[in-house]
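Everything below belongs to model12.txt, which stores compact mmCIF, all heavy atoms.
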# COMPACT_ATOMS: atom_id res chain seq x y z
N MET A 14 16.44 21.34 -10.52
CA MET A 14 15.97 20.06 -10.04
C MET A 14 15.89 19.07 -11.20
O MET A 14 15.67 19.45 -12.34
CB MET A 14 14.59 20.18 -9.41
CG MET A 14 14.53 21.05 -8.19
SD MET A 14 12.90 20.94 -7.46
CE MET A 14 13.36 20.27 -5.92
N ASP A 15 16.02 17.83 -10.86
CA ASP A 15 15.89 16.78 -11.86
C ASP A 15 14.43 16.59 -12.24
O ASP A 15 13.52 16.91 -11.48
CB ASP A 15 16.41 15.46 -11.32
CG ASP A 15 17.91 15.46 -11.14
OD1 ASP A 15 18.58 16.23 -11.86
OD2 ASP A 15 18.41 14.71 -10.30
N THR A 16 14.24 16.07 -13.42
CA THR A 16 12.86 15.75 -13.83
C THR A 16 12.47 14.40 -13.22
O THR A 16 13.31 13.54 -13.00
CB THR A 16 12.75 15.68 -15.36
OG1 THR A 16 13.68 14.72 -15.84
CG2 THR A 16 13.05 17.02 -16.00
N ALA A 17 11.20 14.27 -12.96
CA ALA A 17 10.70 13.02 -12.36
C ALA A 17 10.84 11.87 -13.34
O ALA A 17 10.61 12.03 -14.54
CB ALA A 17 9.25 13.19 -11.96
N THR A 18 11.21 10.73 -12.83
CA THR A 18 11.30 9.53 -13.65
C THR A 18 9.91 8.89 -13.69
O THR A 18 9.28 8.71 -12.66
CB THR A 18 12.29 8.53 -13.02
OG1 THR A 18 13.56 9.17 -12.88
CG2 THR A 18 12.43 7.29 -13.87
N SER A 19 9.46 8.57 -14.89
CA SER A 19 8.15 7.95 -14.98
C SER A 19 8.23 6.49 -14.58
O SER A 19 9.25 5.83 -14.78
CB SER A 19 7.60 8.08 -16.40
OG SER A 19 8.47 7.45 -17.31
N LEU A 20 7.15 6.00 -14.01
CA LEU A 20 7.08 4.60 -13.57
C LEU A 20 6.64 3.71 -14.72
O LEU A 20 5.85 4.12 -15.58
CB LEU A 20 6.09 4.44 -12.43
CG LEU A 20 6.41 5.12 -11.11
CD1 LEU A 20 5.26 4.94 -10.14
CD2 LEU A 20 7.69 4.57 -10.52
N LEU A 21 7.13 2.50 -14.70
CA LEU A 21 6.60 1.50 -15.62
C LEU A 21 5.23 1.08 -15.10
O LEU A 21 4.96 1.20 -13.91
CB LEU A 21 7.53 0.28 -15.65
CG LEU A 21 8.94 0.50 -16.18
CD1 LEU A 21 9.79 -0.74 -15.96
CD2 LEU A 21 8.91 0.88 -17.63
N PRO A 22 4.36 0.60 -15.96
CA PRO A 22 3.02 0.20 -15.49
C PRO A 22 3.08 -0.79 -14.32
O PRO A 22 2.27 -0.71 -13.40
CB PRO A 22 2.39 -0.43 -16.73
CG PRO A 22 3.07 0.23 -17.87
CD PRO A 22 4.49 0.47 -17.41
N ILE A 23 4.04 -1.70 -14.33
CA ILE A 23 4.13 -2.69 -13.26
C ILE A 23 4.58 -2.07 -11.94
O ILE A 23 4.40 -2.64 -10.88
CB ILE A 23 5.06 -3.85 -13.68
CG1 ILE A 23 4.86 -5.05 -12.76
CG2 ILE A 23 6.50 -3.42 -13.72
CD1 ILE A 23 5.51 -6.31 -13.23
N GLU A 24 5.20 -0.88 -11.99
CA GLU A 24 5.70 -0.24 -10.78
C GLU A 24 4.64 0.60 -10.06
O GLU A 24 4.86 1.01 -8.93
CB GLU A 24 6.89 0.67 -11.12
CG GLU A 24 8.09 -0.10 -11.63
CD GLU A 24 9.22 0.80 -12.06
OE1 GLU A 24 8.99 1.69 -12.90
OE2 GLU A 24 10.33 0.62 -11.54
N ALA A 25 3.52 0.87 -10.69
CA ALA A 25 2.46 1.64 -10.06
C ALA A 25 1.89 0.83 -8.89
O ALA A 25 1.53 -0.34 -9.07
CB ALA A 25 1.36 1.97 -11.06
N PRO A 26 1.82 1.41 -7.69
CA PRO A 26 1.35 0.64 -6.53
C PRO A 26 0.00 -0.05 -6.74
O PRO A 26 -0.18 -1.19 -6.34
CB PRO A 26 1.26 1.68 -5.42
CG PRO A 26 2.27 2.71 -5.81
CD PRO A 26 2.21 2.75 -7.32
N ALA A 27 -0.93 0.63 -7.39
CA ALA A 27 -2.26 0.05 -7.58
C ALA A 27 -2.22 -1.16 -8.52
O ALA A 27 -3.11 -2.01 -8.47
CB ALA A 27 -3.22 1.10 -8.12
N ALA A 28 -1.20 -1.25 -9.36
CA ALA A 28 -1.09 -2.36 -10.31
C ALA A 28 -0.23 -3.50 -9.77
O ALA A 28 -0.12 -4.54 -10.39
CB ALA A 28 -0.52 -1.86 -11.64
N SER A 29 0.41 -3.28 -8.64
CA SER A 29 1.30 -4.29 -8.09
C SER A 29 0.55 -5.24 -7.16
O SER A 29 -0.60 -5.03 -6.83
CB SER A 29 2.46 -3.63 -7.35
OG SER A 29 1.99 -2.91 -6.24
N THR A 30 1.23 -6.27 -6.73
CA THR A 30 0.64 -7.21 -5.79
C THR A 30 1.43 -7.19 -4.49
O THR A 30 2.61 -6.87 -4.48
CB THR A 30 0.65 -8.64 -6.36
OG1 THR A 30 1.99 -9.01 -6.66
CG2 THR A 30 -0.20 -8.76 -7.61
N GLU A 31 0.77 -7.52 -3.42
CA GLU A 31 1.45 -7.60 -2.14
C GLU A 31 2.45 -8.76 -2.21
O GLU A 31 2.08 -9.86 -2.62
CB GLU A 31 0.43 -7.80 -1.03
CG GLU A 31 0.98 -7.55 0.34
CD GLU A 31 -0.11 -7.41 1.38
OE1 GLU A 31 -1.28 -7.66 1.09
OE2 GLU A 31 0.23 -7.05 2.51
N PRO A 32 3.71 -8.52 -1.86
CA PRO A 32 4.73 -9.55 -2.03
C PRO A 32 4.47 -10.84 -1.25
O PRO A 32 4.84 -11.91 -1.67
CB PRO A 32 6.02 -8.90 -1.57
CG PRO A 32 5.63 -7.67 -0.85
CD PRO A 32 4.24 -7.32 -1.27
N GLN A 33 3.81 -10.72 -0.12
CA GLN A 33 3.54 -11.90 0.71
C GLN A 33 2.27 -11.61 1.50
O GLN A 33 2.08 -10.51 2.00
CB GLN A 33 4.72 -12.13 1.66
CG GLN A 33 4.60 -13.36 2.50
CD GLN A 33 5.86 -13.58 3.33
OE1 GLN A 33 6.81 -12.82 3.25
NE2 GLN A 33 5.84 -14.59 4.16
N LEU A 34 1.41 -12.58 1.60
CA LEU A 34 0.18 -12.39 2.37
C LEU A 34 0.51 -12.16 3.84
O LEU A 34 1.48 -12.71 4.36
CB LEU A 34 -0.73 -13.61 2.23
CG LEU A 34 -1.29 -13.85 0.83
CD1 LEU A 34 -2.10 -15.14 0.81
CD2 LEU A 34 -2.12 -12.67 0.38
N GLU A 35 -0.30 -11.35 4.48
CA GLU A 35 -0.10 -11.08 5.90
C GLU A 35 -0.49 -12.31 6.72
O GLU A 35 -1.44 -13.01 6.37
CB GLU A 35 -0.95 -9.88 6.34
CG GLU A 35 -0.67 -8.61 5.56
CD GLU A 35 0.73 -8.06 5.76
OE1 GLU A 35 1.50 -8.60 6.57
OE2 GLU A 35 1.07 -7.09 5.09
N PRO A 36 0.21 -12.58 7.82
CA PRO A 36 -0.06 -13.78 8.60
C PRO A 36 -1.26 -13.68 9.54
O PRO A 36 -1.56 -14.62 10.25
CB PRO A 36 1.23 -13.96 9.40
CG PRO A 36 1.76 -12.59 9.55
CD PRO A 36 1.38 -11.87 8.29
N TRP A 37 -1.95 -12.56 9.57
CA TRP A 37 -3.10 -12.41 10.46
C TRP A 37 -4.40 -12.34 9.68
O TRP A 37 -4.43 -12.63 8.50
CB TRP A 37 -2.92 -11.16 11.35
CG TRP A 37 -2.46 -9.96 10.58
CD1 TRP A 37 -3.22 -9.08 9.88
CD2 TRP A 37 -1.11 -9.52 10.42
NE1 TRP A 37 -2.44 -8.12 9.29
CE2 TRP A 37 -1.13 -8.36 9.60
CE3 TRP A 37 0.12 -9.97 10.87
CZ2 TRP A 37 0.01 -7.67 9.24
CZ3 TRP A 37 1.26 -9.28 10.49
CH2 TRP A 37 1.19 -8.15 9.70
N ALA A 38 -5.47 -11.96 10.32
CA ALA A 38 -6.81 -11.99 9.73
C ALA A 38 -6.90 -11.17 8.45
O ALA A 38 -6.11 -10.27 8.20
CB ALA A 38 -7.82 -11.46 10.74
N ALA A 39 -7.89 -11.50 7.65
CA ALA A 39 -8.12 -10.79 6.39
C ALA A 39 -8.40 -9.31 6.68
O ALA A 39 -9.06 -8.98 7.66
CB ALA A 39 -9.31 -11.42 5.66
N PRO A 40 -7.91 -8.40 5.85
CA PRO A 40 -8.12 -6.97 6.07
C PRO A 40 -9.58 -6.57 5.83
O PRO A 40 -10.34 -7.29 5.19
CB PRO A 40 -7.21 -6.31 5.05
CG PRO A 40 -7.01 -7.31 3.98
CD PRO A 40 -7.10 -8.65 4.66
N ALA A 41 -9.92 -5.40 6.33
CA ALA A 41 -11.28 -4.88 6.16
C ALA A 41 -11.53 -4.58 4.68
O ALA A 41 -10.60 -4.33 3.91
CB ALA A 41 -11.44 -3.60 6.97
N ALA A 42 -12.80 -4.61 4.30
CA ALA A 42 -13.17 -4.29 2.92
C ALA A 42 -12.69 -2.89 2.57
O ALA A 42 -12.81 -1.96 3.37
CB ALA A 42 -14.68 -4.39 2.76
N GLY A 43 -12.11 -2.73 1.41
CA GLY A 43 -11.64 -1.43 0.96
C GLY A 43 -10.19 -1.14 1.31
O GLY A 43 -9.62 -0.17 0.84
N TYR A 44 -9.56 -1.98 2.14
CA TYR A 44 -8.16 -1.78 2.51
C TYR A 44 -7.25 -2.03 1.32
O TYR A 44 -7.40 -3.02 0.61
CB TYR A 44 -7.77 -2.73 3.65
CG TYR A 44 -6.28 -2.82 3.89
CD1 TYR A 44 -5.59 -1.80 4.51
CD2 TYR A 44 -5.55 -3.92 3.47
CE1 TYR A 44 -4.23 -1.87 4.73
CE2 TYR A 44 -4.19 -4.01 3.68
CZ TYR A 44 -3.53 -2.98 4.30
OH TYR A 44 -2.18 -3.05 4.51
N LYS A 45 -6.34 -1.10 1.08
CA LYS A 45 -5.32 -1.26 0.04
C LYS A 45 -3.98 -1.07 0.72
O LYS A 45 -3.71 -0.04 1.30
CB LYS A 45 -5.52 -0.22 -1.06
CG LYS A 45 -6.82 -0.40 -1.80
CD LYS A 45 -6.98 0.64 -2.88
CE LYS A 45 -8.25 0.41 -3.65
NZ LYS A 45 -9.30 1.31 -3.28
N TRP A 46 -3.13 -2.07 0.64
CA TRP A 46 -1.86 -2.06 1.36
C TRP A 46 -0.97 -0.90 0.95
O TRP A 46 -0.13 -0.45 1.71
CB TRP A 46 -1.14 -3.39 1.19
CG TRP A 46 -0.65 -3.66 -0.20
CD1 TRP A 46 -1.33 -4.27 -1.20
CD2 TRP A 46 0.62 -3.34 -0.73
NE1 TRP A 46 -0.57 -4.35 -2.33
CE2 TRP A 46 0.65 -3.77 -2.06
CE3 TRP A 46 1.76 -2.72 -0.21
CZ2 TRP A 46 1.75 -3.61 -2.88
CZ3 TRP A 46 2.86 -2.56 -1.03
CH2 TRP A 46 2.85 -3.01 -2.35
N TYR A 47 -1.17 -0.35 -0.24
CA TYR A 47 -0.33 0.73 -0.73
C TYR A 47 -0.93 2.12 -0.51
O TYR A 47 -0.30 3.12 -0.81
CB TYR A 47 -0.07 0.53 -2.24
CG TYR A 47 -1.34 0.43 -3.05
CD1 TYR A 47 -2.01 1.56 -3.48
CD2 TYR A 47 -1.90 -0.81 -3.33
CE1 TYR A 47 -3.18 1.47 -4.19
CE2 TYR A 47 -3.07 -0.91 -4.04
CZ TYR A 47 -3.70 0.24 -4.48
OH TYR A 47 -4.87 0.14 -5.18
N ASP A 48 -2.15 2.21 0.03
CA ASP A 48 -2.85 3.48 0.17
C ASP A 48 -3.05 3.83 1.64
O ASP A 48 -3.92 3.28 2.30
CB ASP A 48 -4.21 3.37 -0.53
CG ASP A 48 -4.98 4.68 -0.55
OD1 ASP A 48 -4.48 5.69 -0.01
OD2 ASP A 48 -6.08 4.70 -1.11
N PRO A 49 -2.25 4.76 2.17
CA PRO A 49 -2.34 5.11 3.60
C PRO A 49 -3.71 5.63 4.03
O PRO A 49 -4.05 5.55 5.19
CB PRO A 49 -1.28 6.19 3.79
CG PRO A 49 -0.40 6.11 2.60
CD PRO A 49 -1.18 5.48 1.50
N THR A 50 -4.50 6.14 3.10
CA THR A 50 -5.83 6.64 3.48
C THR A 50 -6.76 5.50 3.88
O THR A 50 -7.80 5.75 4.48
CB THR A 50 -6.48 7.46 2.36
OG1 THR A 50 -6.67 6.63 1.21
CG2 THR A 50 -5.61 8.66 1.98
N THR A 51 -6.40 4.26 3.56
CA THR A 51 -7.25 3.13 3.94
C THR A 51 -6.80 2.47 5.24
O THR A 51 -7.42 1.52 5.69
CB THR A 51 -7.28 2.06 2.82
OG1 THR A 51 -5.98 1.51 2.65
CG2 THR A 51 -7.77 2.64 1.51
N PHE A 52 -5.71 2.97 5.85
CA PHE A 52 -5.21 2.40 7.11
C PHE A 52 -6.15 2.81 8.25
O PHE A 52 -6.70 3.89 8.25
CB PHE A 52 -3.81 2.90 7.42
CG PHE A 52 -2.75 2.49 6.43
CD1 PHE A 52 -1.49 3.01 6.55
CD2 PHE A 52 -3.01 1.62 5.40
CE1 PHE A 52 -0.48 2.66 5.66
CE2 PHE A 52 -2.03 1.25 4.49
CZ PHE A 52 -0.76 1.77 4.62
N LYS A 53 -6.31 1.94 9.22
CA LYS A 53 -7.12 2.27 10.40
C LYS A 53 -6.36 3.23 11.29
O LYS A 53 -5.13 3.23 11.31
CB LYS A 53 -7.47 1.00 11.17
CG LYS A 53 -8.48 0.14 10.48
CD LYS A 53 -9.00 -0.95 11.37
CE LYS A 53 -10.10 -1.71 10.65
NZ LYS A 53 -10.70 -2.70 11.50
N ALA A 54 -7.09 4.04 12.05
CA ALA A 54 -6.47 5.01 12.95
C ALA A 54 -5.52 4.29 13.92
O ALA A 54 -5.84 3.24 14.45
CB ALA A 54 -7.54 5.75 13.73
N GLY A 55 -4.33 4.85 14.08
CA GLY A 55 -3.35 4.28 15.01
C GLY A 55 -2.43 3.25 14.39
O GLY A 55 -1.48 2.81 15.01
N SER A 56 -2.70 2.83 13.16
CA SER A 56 -1.83 1.84 12.54
C SER A 56 -0.86 2.49 11.56
O SER A 56 -1.22 3.44 10.87
CB SER A 56 -2.65 0.78 11.81
OG SER A 56 -3.40 1.36 10.77
N TYR A 57 0.35 2.01 11.54
CA TYR A 57 1.37 2.49 10.61
C TYR A 57 1.56 3.99 10.64
O TYR A 57 1.77 4.64 9.63
CB TYR A 57 1.04 2.04 9.17
CG TYR A 57 0.84 0.57 9.05
CD1 TYR A 57 -0.44 0.03 8.88
CD2 TYR A 57 1.90 -0.31 9.14
CE1 TYR A 57 -0.63 -1.33 8.79
CE2 TYR A 57 1.72 -1.67 9.05
CZ TYR A 57 0.46 -2.17 8.87
OH TYR A 57 0.27 -3.52 8.77
N GLY A 58 1.41 4.59 11.82
CA GLY A 58 1.65 6.01 11.98
C GLY A 58 0.49 6.90 11.57
O GLY A 58 0.60 8.12 11.59
N LYS A 59 -0.65 6.34 11.19
CA LYS A 59 -1.82 7.16 10.83
C LYS A 59 -2.34 7.84 12.08
O LYS A 59 -2.35 7.29 13.15
CB LYS A 59 -2.91 6.30 10.20
CG LYS A 59 -4.10 7.14 9.77
CD LYS A 59 -5.02 6.38 8.88
CE LYS A 59 -6.28 7.16 8.66
NZ LYS A 59 -6.46 7.66 7.37
N ALA A 60 -2.77 9.10 11.92
CA ALA A 60 -3.27 9.88 13.06
C ALA A 60 -4.45 9.18 13.74
O ALA A 60 -5.22 8.47 13.10
CB ALA A 60 -3.70 11.26 12.58
N GLN A 61 -4.57 9.42 15.01
CA GLN A 61 -5.64 8.79 15.78
C GLN A 61 -6.99 9.24 15.33
O GLN A 61 -7.39 10.22 15.05
CB GLN A 61 -5.47 9.11 17.27
CG GLN A 61 -4.23 8.50 17.86
CD GLN A 61 -4.28 6.97 17.95
OE1 GLN A 61 -5.34 6.38 18.03
NE2 GLN A 61 -3.14 6.34 17.90
Represent the structure of the file as structure tokens.
Amino acid sequence: MDTATSLLPIEAPAASTEPQLEPWAAPAAGYKWYDPTTFKAGSYGKAQ
């Protein structure tokens, strides 16, 4: 297998910015667009 390529600091999801603001209401406190554990149940394929 190939070795994993390391990310540049700017490529780390937590260090990046959302490319465009969402057109609907502000997200709930603690929501991180890059972290599926912060998604609400039923959204983006997260289990109910």
>> What does the structure give for the distance between atom N of A:Thr51 and atom CG of A:Glu31, in Å to one decimal?
In response: 14.3 Å
> What are the DSSP helix (DSSP H, G or I) residues of stretch 14-56 of chain A, as an MDAnalysis selection string?
Replying inline: chainID A and resid 22:24 26:28 49:51
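Interatomic distance, atom N of A:Asp48 against atom C of A:Pro26: 7.5 Å.
Comparing the minimum interatomic distances between A:Ala41 and each of A:Ala28, A:Met14, A:Leu21, A:Lys53, counting only C-alpha atoms, we find that A:Lys53 sits nearest.
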Taking all atoms of stretch 43-50 of chain A that the file lists and extending 3 Å past them on each side, where is the centre of the axis-aligned box and how long are its edges? Answer in Å to one decimal, as JSON.
{"center_x": -4.6, "center_y": 2.2, "center_z": 0.0, "size_x": 21.0, "size_y": 19.0, "size_z": 16.4}
> To one decimal place, how far is atom CA of A:Pro32 from atom CA of A:Tyr44 in Å?
Replying inline: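 That distance, rounded to one decimal, is 15.7 Å.
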